[in-house]
Amino acid sequence: MRIILDGMGGDNAPAEIVKGAVQAAAEISDDIIIVGDPGAITAELEANGYKGDQISIRPAMDVITMHDSPVKAIRRKTDSSMVVGLNMLKDGEGDMLVSAGNTGALIVGARLILGRIRGIDRPALASIYPDMTGGEPGMLVDAGASSESKARNLVEYAIMGSTFVEKVWGRENPRVGLVNLGAEESKGTSVTKDAYQMLANSHMNFVGNVEGRDVPKGVCDVIVCDGFTGNVILKLTEGVSMSIFKLVKNALKSNLKSLVGGALVKSNLTKLKEEFDYEEFGGAPVLGVNAPVIKMHGSSNAKAVKSAILRGTPYARENVVEIIGRELLEIEEYIEEEED
């Protein structure tokens, strides 16, 4: 398999991107094509002592920054590492694209260059969400690609998330939950009520509405919501968790007795922290476009890059894009009937 890596996207490019690629190459046999400034990338490969032929370079002399307008950047910066990488993926020169670049530009570019899977109205950004009870993490869809969604979009998110979790994470018959302000079927907006009925009558393992307080408890494997709600959930969880860790850390340093206690629970706190560490998971899939695309955190370091590559490869290897397309064909007529 050939992995296309955006070498210039993100806050720490190209140094951490290249370093992560070198670390990943040591553990897999797949080829990695780093797209970007050949001089800068070559210098980083040399700095990491890389002498193999598993990693190659595709020149791209422009960069889409975090401040660029997504649509304008995709259309005007045609020699950027992101656009070149997307076109390589479209032309079959690679099997998966991994990027830490501008999120909006990546989603817009994937939609415009790769196109949507037949039957998908809006692509979605999926994000790993930790289970604070100690269980396996879930997948939140949508995490910010579309701030508003129709009922059919929420059903599409459920199908895509369920397929990804089953084929990539290996969870059979994943539980699907719809984020709502109450567990009752009658709660919510007209959109969530309609989506509830569609999901309840689908072939998916729909467990019903999920209230905000239950989202962190691992009550479902696929957490479905519009992008506005999903992004707020992610940011709020991140902010609260970091605040709690800071409070605990300060409390454990307050006196000698606390320091001794802190030493005893250090391993447990480290394990808990890993549940919230994006470096462990690497990246989030852009679902609904015609090829595998993985979005990394903008400040990804080498560890995150390596994780994104290693954890993302099943997305391409298991033909998840094709499977999502087949799933949608089976349910498309039903969705249209419900909308009518």
# chains A, B, ... in the order shown; residues from 1 in each chain; ligands from 1
call {"tool": "residues_around", "arguments": {"residues": "A:Ser147", "least_positions_apart": "3", "cutoff": "8 Å", "atoms": "only C-alpha atoms", "output": "ChimeraX atom specification"}}
result
/A:144,226-229
call {"tool": "residues_around", "arguments": {"residues": "A:Arg2", "least_positions_apart": "2", "cutoff": "8 Å", "atoms": "only C-alpha atoms", "output": "JSON, numbers by chain"}}
result
{"A": [4, 30, 31, 32, 33, 93, 94, 95, 96]}
call {"tool": "atom_distance", "arguments": {"atom1": "atom CA of A:Thr189", "atom2": "atom CA of A:Ala284"}}
result
27.8 Å
call {"tool": "closest_residue", "arguments": {"among": "A:Lys217, A:Glu185, A:Val286, A:Glu27", "to": "A:Ile107", "atoms": "only C-alpha atoms"}}
result
A:Val286
call {"tool": "residues_around", "arguments": {"residues": "stretch 173-177 of chain A", "least_positions_apart": "4", "cutoff": "7 Å", "atoms": "only C-alpha atoms", "output": "ChimeraX atom specification"}}
result
/A:158,162,165-166,205-210,220-224
call {"tool": "write_last_selection", "arguments": {"atoms": "N, CA, C and O atoms", "output": "short mmCIF file (atom, residue, chain, number, x, y, z; two decimals), in the first residue's frame"}}
result
data_model
loop_
_atom_site.label_atom_id
_atom_site.label_comp_id
_atom_site.auth_asym_id
_atom_site.auth_seq_id
_atom_site.Cartn_x
_atom_site.Cartn_y
_atom_site.Cartn_z
N ALA A 158 -24.34 8.04 10.79
CA ALA A 158 -24.46 6.79 11.54
C ALA A 158 -23.96 5.61 10.70
O ALA A 158 -23.22 4.75 11.20
N SER A 162 -20.63 3.65 11.75
CA SER A 162 -20.82 2.25 12.10
C SER A 162 -19.95 1.35 11.24
O SER A 162 -19.33 0.40 11.73
N VAL A 165 -16.19 1.78 12.32
CA VAL A 165 -15.91 1.14 13.60
C VAL A 165 -15.87 -0.38 13.46
O VAL A 165 -15.03 -1.06 14.06
N GLU A 166 -16.76 -0.90 12.63
CA GLU A 166 -16.80 -2.36 12.44
C GLU A 166 -15.61 -2.86 11.62
O GLU A 166 -14.95 -3.84 12.01
N ASN A 205 -27.51 -1.11 14.74
CA ASN A 205 -27.76 -1.39 16.15
C ASN A 205 -27.98 -0.06 16.88
O ASN A 205 -27.12 0.41 17.63
N PHE A 206 -29.15 0.53 16.65
CA PHE A 206 -29.46 1.85 17.21
C PHE A 206 -29.95 1.69 18.64
O PHE A 206 -30.93 0.98 18.92
N VAL A 207 -29.27 2.38 19.59
CA VAL A 207 -29.61 2.26 21.00
C VAL A 207 -30.44 3.43 21.50
O VAL A 207 -30.76 3.52 22.69
N GLY A 208 -30.80 4.36 20.60
CA GLY A 208 -31.67 5.47 20.98
C GLY A 208 -30.94 6.78 21.21
O GLY A 208 -29.77 6.94 20.84
N ASN A 209 -31.63 7.71 21.83
CA ASN A 209 -31.06 9.02 22.14
C ASN A 209 -30.04 8.90 23.27
O ASN A 209 -30.20 8.09 24.20
N VAL A 210 -29.02 9.74 23.21
CA VAL A 210 -27.97 9.77 24.23
C VAL A 210 -27.84 11.20 24.73
O VAL A 210 -27.58 12.12 23.95
N CYS A 220 -22.39 4.04 23.80
CA CYS A 220 -22.50 3.63 22.40
C CYS A 220 -21.12 3.72 21.74
O CYS A 220 -20.22 4.38 22.24
N ASP A 221 -20.97 3.04 20.62
CA ASP A 221 -19.71 3.03 19.89
C ASP A 221 -19.63 4.14 18.87
O ASP A 221 -18.54 4.62 18.54
N VAL A 222 -20.79 4.55 18.35
CA VAL A 222 -20.87 5.62 17.36
C VAL A 222 -21.79 6.71 17.90
O VAL A 222 -22.97 6.46 18.15
N ILE A 223 -21.24 7.90 18.10
CA ILE A 223 -21.98 9.04 18.66
C ILE A 223 -22.35 9.96 17.50
O ILE A 223 -21.48 10.55 16.87
N VAL A 224 -23.63 10.08 17.22
CA VAL A 224 -24.08 10.82 16.04
C VAL A 224 -24.65 12.18 16.42
O VAL A 224 -25.49 12.28 17.33
#
call {"tool": "closest_residue", "arguments": {"among": "A:Ala316, A:Ile74, A:Val191, A:Ala302", "to": "A:Arg152", "atoms": "only C-alpha atoms"}}
result
A:Val191
call {"tool": "residues_around", "arguments": {"residues": "stretch 7-19 of chain A", "least_positions_apart": "4", "cutoff": "6 Å", "atoms": "only C-alpha atoms", "output": "compact mmCIF listing (two decimals) with all heavy atoms, in the first residue's frame"}}
result
# COMPACT_ATOMS: atom_id res chain seq x y z
N ILE A 34 6.02 11.41 0.82
CA ILE A 34 5.88 12.70 1.51
C ILE A 34 5.81 13.80 0.45
O ILE A 34 6.70 13.93 -0.39
CB ILE A 34 7.04 12.97 2.47
CG1 ILE A 34 7.19 11.81 3.47
CG2 ILE A 34 6.81 14.28 3.23
CD1 ILE A 34 8.34 11.98 4.44
N VAL A 35 4.74 14.60 0.51
CA VAL A 35 4.53 15.66 -0.47
C VAL A 35 4.95 17.00 0.12
O VAL A 35 4.53 17.35 1.23
CB VAL A 35 3.05 15.73 -0.90
CG1 VAL A 35 2.87 16.75 -2.03
CG2 VAL A 35 2.56 14.36 -1.34
N GLY A 36 5.79 17.74 -0.62
CA GLY A 36 6.21 19.05 -0.11
C GLY A 36 7.51 19.52 -0.71
O GLY A 36 7.94 19.04 -1.77
N GLU A 44 15.33 16.87 6.53
CA GLU A 44 14.77 16.23 7.72
C GLU A 44 15.00 14.72 7.68
O GLU A 44 15.24 14.10 8.73
CB GLU A 44 13.27 16.53 7.83
CG GLU A 44 12.95 17.99 8.11
CD GLU A 44 13.55 18.50 9.41
OE1 GLU A 44 13.77 17.67 10.33
OE2 GLU A 44 13.80 19.71 9.52
N ALA A 100 -2.02 17.03 8.43
CA ALA A 100 -2.25 17.81 9.65
C ALA A 100 -2.59 19.25 9.29
O ALA A 100 -2.60 20.12 10.14
CB ALA A 100 -1.02 17.77 10.55
N GLY A 101 -2.88 19.49 8.02
CA GLY A 101 -3.12 20.84 7.54
C GLY A 101 -4.48 21.40 7.89
O GLY A 101 -5.25 20.80 8.65
N GLY A 298 -3.67 19.71 14.21
CA GLY A 298 -2.78 20.70 13.63
C GLY A 298 -1.42 20.77 14.29
O GLY A 298 -0.42 21.10 13.65
N SER A 299 -1.35 20.44 15.58
CA SER A 299 -0.07 20.49 16.29
C SER A 299 0.54 19.11 16.47
O SER A 299 1.30 18.87 17.42
CB SER A 299 -0.26 21.16 17.66
OG SER A 299 -1.23 20.47 18.43
N ASN A 301 2.74 15.91 16.62
CA ASN A 301 4.17 15.64 16.67
C ASN A 301 4.44 14.31 15.99
O ASN A 301 3.54 13.68 15.42
CB ASN A 301 4.68 15.66 18.11
CG ASN A 301 3.96 14.63 18.97
OD1 ASN A 301 3.30 13.72 18.48
ND2 ASN A 301 4.07 14.78 20.29
N ALA A 302 5.68 13.86 16.04
CA ALA A 302 6.06 12.63 15.36
C ALA A 302 5.26 11.42 15.83
O ALA A 302 4.86 10.57 15.03
CB ALA A 302 7.56 12.38 15.55
call {"tool": "atom_distance", "arguments": {"atom1": "atom CA of A:Asn153", "atom2": "atom CA of A:Gly92"}}
result
28.3 Å
